[in-house]
Amino acid sequence: MAFHTSRAKIQHLLRRAGFGYNASELEEYVALGLAGTVDRLLDPPAEGVALQAVVERILAPFAGPALDRELDRERRTALYRAWYVRMAATRRPLVERMTYFWHDHFATSISKVTYASLMQTQNDTLRRLALGSFEELLLAVTRDPAMLLFLDNRTNSRTRPNENYARELMELHTLGEGNGYTETDIKEAARALTGWRLTETGAAVFRHTEHDPGTKTVLGKTGLFSDADVVRLLASHRGTARYLSDKLVRFFVRPDGHAGLAERAADTYMATNGSIRQVLRTILLAPEMYEPAAYRSIIKSPTEVMVGLRRALEAPLDSRAETDSGRALGQLIYDPPSPAGWTGGGDWINATTVLARANYATRITAMRADANPDIPALYRRYRVTGSAAAVVDWTLDLLVAGDVKDDTRDLLIDHLGGMHFDFEAAARDGRLHGMVYLVASMPLYQVA
Amino acid sequence: MLTNPLHPETVNKRIDEPVEDARILTAPLTRRGFITKGIAVVGIGSALPAAFVRSAFAEGVPTGTATKRRVLVVLQLGGANDGLNTVAPYTEGAYYDARPRLALKAENLLKLNDRLGLAPELASIKAMYDRGQVAIVQGVGYPQPNRSHFRSMEIWHTASLREDEETGWLGRLLDATHYEQQTVWRAANVGVEIPESLRTAEGHGSSLGGSTFVPSITSVGSYALQMDSAARNQATRRTTDWVRLYAEQAALGGALAFVSKAGSEAYASTVQLRGATSTYQPRATYPNNAFATALKTSAQLITSNLGTGICYVTTGGFDTHSGQAGTQPTLLRAVSDSVAAFYADLAARGIDSEVTTMMWTEFGRRVRENGSAGTDHGTATPLFLFGGAVKGGLYGETPSLRNLDENGDLKFNTDFRSVYSTLLERWFKTDPKDVLGASYRDLGFLA
């Protein structure tokens, strides 16, 4: 059935460009229409005060010195919780979604960085620049303390060059592996990137004495290049436009990519000086985004699975469940497996992780647990209590856009008691929670 | 001969019975066989090394022949255990000079010979040592030691000094032996996160090891579709409906078919696990700590008919930068008593010579204690092997305390890859070159 209605397209868009939707925000977006929704996502309102207050409270341990072993314990749990709650409750879903995209793109792991405060600083930077100029973002990441630590550029000096960052900068962050750069380009770029150090307080600082001031030749251009020059060369390169566009198309539209759309997105990139916002507009409004081949083609990441449920079920802000479960599901944010990030797709799914996904759904639909959504209250609030069919249809619309075969719908209605359905009884004995669990853990919920 | 528990009709008939019924599955479950044919017994390829076939299916083989399994258990002591306070050189003045507060007193040590003694907390390991079931390889390390936990663990896991090696040595062993054709439970991580050692070539993408499936299991009880304890009477119905939804939605094709099959496979593997392990009763008293529980779970897997050939257990807390005397002894005692209980459990079943255990840590600690009564990151360290097949004793040279490197650390004299190589060759009867890319010295600690 795919995209017969504008509503279905918006639901699809919100699964990809956000972390799903709750019932009331969906109606707001539907009222805006598809183009209006894309506009709103690209130019969102300020964050709500309730969320801001919760995030501020969670992040309280980050006051004080950045590199403090004792404080760091407390900060670690806060680090995870703050971002999960943001993703679950944000009014700026595309900004969070792109922050998440950049975290994977500029993958940096707390396993090596060790300091939560540096990870939080990087996360703030990614969020601040998420939809802006790619060049500005790339330079900020290049000078970001966690990245300086993670890819060793803090040890890169004119006497003892370290090429780690220069290599990943080209291979992973801009041009893509094998796309028009040489080993010499890496060596020369590494020289331009010399001079950055971390202070004892965890700040990045440029030391002239460590910088190689000589002439460098990178990608056919020669000059007394600094890090900013190399970043500019790379960010304005057509190869970067292509590589990024292709990756964004795979992230938002189809995991197998779409060459034509990627090329158009790359044109937008070149025409707008690398405006991420404009590239996203091209992609999110493209007809290819709403073709049958795009429909349900993406396997959700563990983060999307978990955060999407909290969002849809209007769970209380702040929970430890996602931090506890993330690793078991195969993805704990801030801890990507390599500088290339998560490979995702089919790699998300194996017997252990499918069980973990289902068991997370059990946890979040459990009847008596702290920080869980109050499921009966949700249905009462939306006045969806009349019949088993009404309750099931509302749930299916919320979590899988209603598009299921009859036998799935019938099974769920039957689970609730069918003709003998009584809302209060089902809420009391757990059949209501069980039905939500089944929808939240079935295969259809695992794809976007 | 087998009923498919995932077929909707089967489920309907069984609706009032416990869903996880051991009778549903009794045959070994193979990954490829499962994906393509539902539950079926698939023959073992003749290309497999004999030891793997035995390890996977020995219990299914008619008894009477002396078929022995060859199981490897890997224990990782995360955080870098202090080797010098584990195997202490009690006649070395330099040891006592470097560690005025931390050096272990000679009279308390469990003497291995006239120079070395085990920490007193290792009494139960010492008893095994005296029975010839413990090999201690001294001075294990690798060239140009890296003192970062992160990097050094990576080196041990990948068995490579190259930063771009993305597969683990056990993962490559699984790859080299056609893991796909073997039972799902062929290797298991007893813990939450798949260690890099078990990363196979196909599946290094997610932090769990990706598509080549090595299950992670914290306990037999929790490797299950867990149900809300507050709605216990709903559990059977929920489970049944979950299984039906996964069976139904496989027909939707594409990504959905993939997810559905994985889910059905997952459920079947829980049923298989439950069925195969339900009769396990420990025949030794395990200490009450998480490490011991993981070893007990390992014993449960090994003693079942799941064909488990590799178990991996990780424990941590050894990063003793301060107050080491207050933490390390407790950790060592827990490790020692747990390992001893594990082997007592296996010995009671007569299979302690079918299970070899390797216990490693990413590096040792600095010779000189620091200002916080702790020790900082060091280099070479002893490695332990346990089991009835082990030729007990000391291997390798004791690193000199007088000839240290520029950081004041011990110089290694046995490459850790020699240990792997010896295990691959003597235990798994596999050419070490297939896994390690090169040959390393055979240490001979196995018959």
# chains A, B, ... in the order shown; residues from 1 in each chain; ligands from 1

call {"tool": "residues_around", "arguments": {"residues": "Gly132 of chain A", "least_positions_apart": "6", "cutoff": "8 Å", "atoms": "only C-alpha atoms", "output": "ChimeraX atom specification"}}
result
/A:275-277

call {"tool": "interface_residues", "arguments": {"of": "chain A", "to": "chain B", "cutoff": "7 Å", "atoms": "only C-alpha atoms", "output": "PyMOL selection string"}}
result
chain A and resi 111-112+297+299+327-328+330-331+337+342-344+346-352+354-355+358-359+362+366-368+408+429-430+434+438+442-444

call {"tool": "write_last_selection", "arguments": {"atoms": "N, CA and C atoms", "output": "mmCIF file, in the first residue's frame"}}
result
data_model
loop_
_atom_site.group_PDB
_atom_site.id
_atom_site.type_symbol
_atom_site.label_atom_id
_atom_site.label_comp_id
_atom_site.auth_asym_id
_atom_site.auth_seq_id
_atom_site.Cartn_x
_atom_site.Cartn_y
_atom_site.Cartn_z
ATOM 1 N N SER A 111 35.445 4.648 24.269
ATOM 2 C CA SER A 111 36.384 3.607 24.716
ATOM 3 C C SER A 111 37.813 4.109 24.649
ATOM 4 N N LYS A 112 38.119 4.909 23.652
ATOM 5 C CA LYS A 112 39.476 5.446 23.577
ATOM 6 C C LYS A 112 39.565 6.833 24.201
ATOM 7 N N SER A 297 12.519 -0.163 3.435
ATOM 8 C CA SER A 297 13.750 -0.773 2.916
ATOM 9 C C SER A 297 14.904 -0.687 3.910
ATOM 10 N N ILE A 299 16.576 -1.123 7.668
ATOM 11 C CA ILE A 299 16.471 -1.764 8.984
ATOM 12 C C ILE A 299 16.857 -0.734 10.035
ATOM 13 N N ARG A 327 23.776 -1.673 24.381
ATOM 14 C CA ARG A 327 24.854 -2.578 24.009
ATOM 15 C C ARG A 327 24.313 -3.957 23.625
ATOM 16 N N ALA A 328 23.314 -4.417 24.357
ATOM 17 C CA ALA A 328 22.737 -5.730 24.051
ATOM 18 C C ALA A 328 22.055 -5.717 22.683
ATOM 19 N N GLY A 330 23.148 -3.997 20.269
ATOM 20 C CA GLY A 330 24.208 -3.903 19.270
ATOM 21 C C GLY A 330 24.665 -2.498 18.958
ATOM 22 N N GLN A 331 24.173 -1.523 19.711
ATOM 23 C CA GLN A 331 24.630 -0.158 19.463
ATOM 24 C C GLN A 331 24.484 0.662 20.734
ATOM 25 N N PRO A 337 32.042 0.972 16.844
ATOM 26 C CA PRO A 337 33.052 -0.087 16.840
ATOM 27 C C PRO A 337 34.355 0.295 16.150
ATOM 28 N N TRP A 342 29.231 2.583 12.562
ATOM 29 C CA TRP A 342 28.500 1.316 12.540
ATOM 30 C C TRP A 342 28.199 0.951 11.093
ATOM 31 N N THR A 343 28.329 -0.317 10.758
ATOM 32 C CA THR A 343 28.026 -0.682 9.379
ATOM 33 C C THR A 343 26.521 -0.795 9.165
ATOM 34 N N GLY A 344 25.791 -1.094 10.216
ATOM 35 C CA GLY A 344 24.341 -1.057 10.153
ATOM 36 C C GLY A 344 23.738 -2.034 9.165
ATOM 37 N N GLY A 346 21.979 -4.965 7.511
ATOM 38 C CA GLY A 346 21.807 -6.346 7.926
ATOM 39 C C GLY A 346 22.645 -6.710 9.145
ATOM 40 N N ASP A 347 23.734 -5.971 9.354
ATOM 41 C CA ASP A 347 24.587 -6.271 10.509
ATOM 42 C C ASP A 347 23.903 -5.984 11.843
ATOM 43 N N TRP A 348 22.823 -5.205 11.810
ATOM 44 C CA TRP A 348 22.113 -4.969 13.081
ATOM 45 C C TRP A 348 21.420 -6.229 13.575
ATOM 46 N N ILE A 349 21.162 -7.121 12.648
ATOM 47 C CA ILE A 349 20.221 -8.208 12.966
ATOM 48 C C ILE A 349 20.912 -9.559 13.093
ATOM 49 N N ASN A 350 20.815 -10.157 14.239
ATOM 50 C CA ASN A 350 21.134 -11.572 14.406
ATOM 51 C C ASN A 350 20.289 -12.070 15.563
ATOM 52 N N ALA A 351 20.400 -13.338 15.868
ATOM 53 C CA ALA A 351 19.486 -13.902 16.872
ATOM 54 C C ALA A 351 19.595 -13.160 18.209
ATOM 55 N N THR A 352 20.822 -12.861 18.639
ATOM 56 C CA THR A 352 20.992 -12.191 19.931
ATOM 57 C C THR A 352 20.353 -10.807 19.920
ATOM 58 N N VAL A 354 17.982 -9.625 17.875
ATOM 59 C CA VAL A 354 16.522 -9.634 17.742
ATOM 60 C C VAL A 354 15.879 -9.921 19.096
ATOM 61 N N LEU A 355 16.458 -10.849 19.831
ATOM 62 C CA LEU A 355 15.956 -11.107 21.186
ATOM 63 C C LEU A 355 16.063 -9.850 22.032
ATOM 64 N N ALA A 358 13.353 -7.414 21.199
ATOM 65 C CA ALA A 358 12.075 -7.834 21.774
ATOM 66 C C ALA A 358 12.079 -7.614 23.290
ATOM 67 N N ASN A 359 13.217 -7.896 23.915
ATOM 68 C CA ASN A 359 13.268 -7.764 25.370
ATOM 69 C C ASN A 359 13.274 -6.303 25.806
ATOM 70 N N THR A 362 9.711 -5.544 25.845
ATOM 71 C CA THR A 362 9.123 -6.057 27.086
ATOM 72 C C THR A 362 9.375 -5.091 28.236
ATOM 73 N N ALA A 366 6.470 -2.976 30.236
ATOM 74 C CA ALA A 366 6.219 -3.649 31.513
ATOM 75 C C ALA A 366 5.240 -2.824 32.352
ATOM 76 N N MET A 367 4.377 -3.531 33.068
ATOM 77 C CA MET A 367 3.273 -2.844 33.743
ATOM 78 C C MET A 367 3.718 -2.054 34.960
ATOM 79 N N ARG A 368 4.632 -2.589 35.712
ATOM 80 C CA ARG A 368 5.016 -1.879 36.931
ATOM 81 C C ARG A 368 6.514 -1.632 36.918
ATOM 82 N N THR A 408 -2.260 -10.296 10.604
ATOM 83 C CA THR A 408 -1.562 -9.634 11.709
ATOM 84 C C THR A 408 -2.564 -8.846 12.560
ATOM 85 N N ASP A 429 -5.207 -6.678 33.230
ATOM 86 C CA ASP A 429 -4.525 -7.986 33.192
ATOM 87 C C ASP A 429 -3.315 -8.003 32.260
ATOM 88 N N GLY A 430 -3.077 -6.913 31.541
ATOM 89 C CA GLY A 430 -1.847 -6.831 30.760
ATOM 90 C C GLY A 430 -2.001 -7.202 29.299
ATOM 91 N N GLY A 434 0.444 -6.258 26.342
ATOM 92 C CA GLY A 434 0.926 -7.352 25.509
ATOM 93 C C GLY A 434 0.746 -7.043 24.027
ATOM 94 N N LEU A 438 3.682 -6.655 21.306
ATOM 95 C CA LEU A 438 3.758 -7.432 20.060
ATOM 96 C C LEU A 438 4.008 -6.520 18.854
ATOM 97 N N MET A 442 7.478 -6.701 16.697
ATOM 98 C CA MET A 442 7.324 -7.535 15.505
ATOM 99 C C MET A 442 8.214 -7.024 14.358
ATOM 100 N N PRO A 443 8.442 -7.888 13.359
ATOM 101 C CA PRO A 443 9.346 -7.492 12.268
ATOM 102 C C PRO A 443 9.019 -6.119 11.669
ATOM 103 N N LEU A 444 7.742 -5.829 11.454
ATOM 104 C CA LEU A 444 7.391 -4.569 10.797
ATOM 105 C C LEU A 444 7.899 -3.346 11.559
#

call {"tool": "residues_around", "arguments": {"residues": "Val205 of chain A", "least_positions_apart": "5", "cutoff": "12 Å", "atoms": "only C-alpha atoms", "output": "list in words"}}
result
Arg143, Asp144, Pro145, Leu148, Asn153, Arg154, Thr194, Gly195, Trp196, Arg197, Leu198, Thr199, Glu200, Glu210 and His211 of chain A

call {"tool": "closest_residue", "arguments": {"among": "A:Ser6, A:Thr282, A:Gln122, A:Gln446", "to": "Thr303 of chain A", "atoms": "only C-alpha atoms"}}
result
A:Gln446

call {"tool": "residues_around", "arguments": {"residues": "Ala66 of chain A", "least_positions_apart": "5", "cutoff": "9 Å", "atoms": "only C-alpha atoms", "output": "count of residues only"}}
result
10

call {"tool": "select_by_dssp", "arguments": {"residues": "segment 147-286 of chain A", "states": "alpha helix (DSSP H)", "output": "ChimeraX atom specification"}}
result
/A:147-150,164-168,183-192,227-235,238-252,259-271,276-284
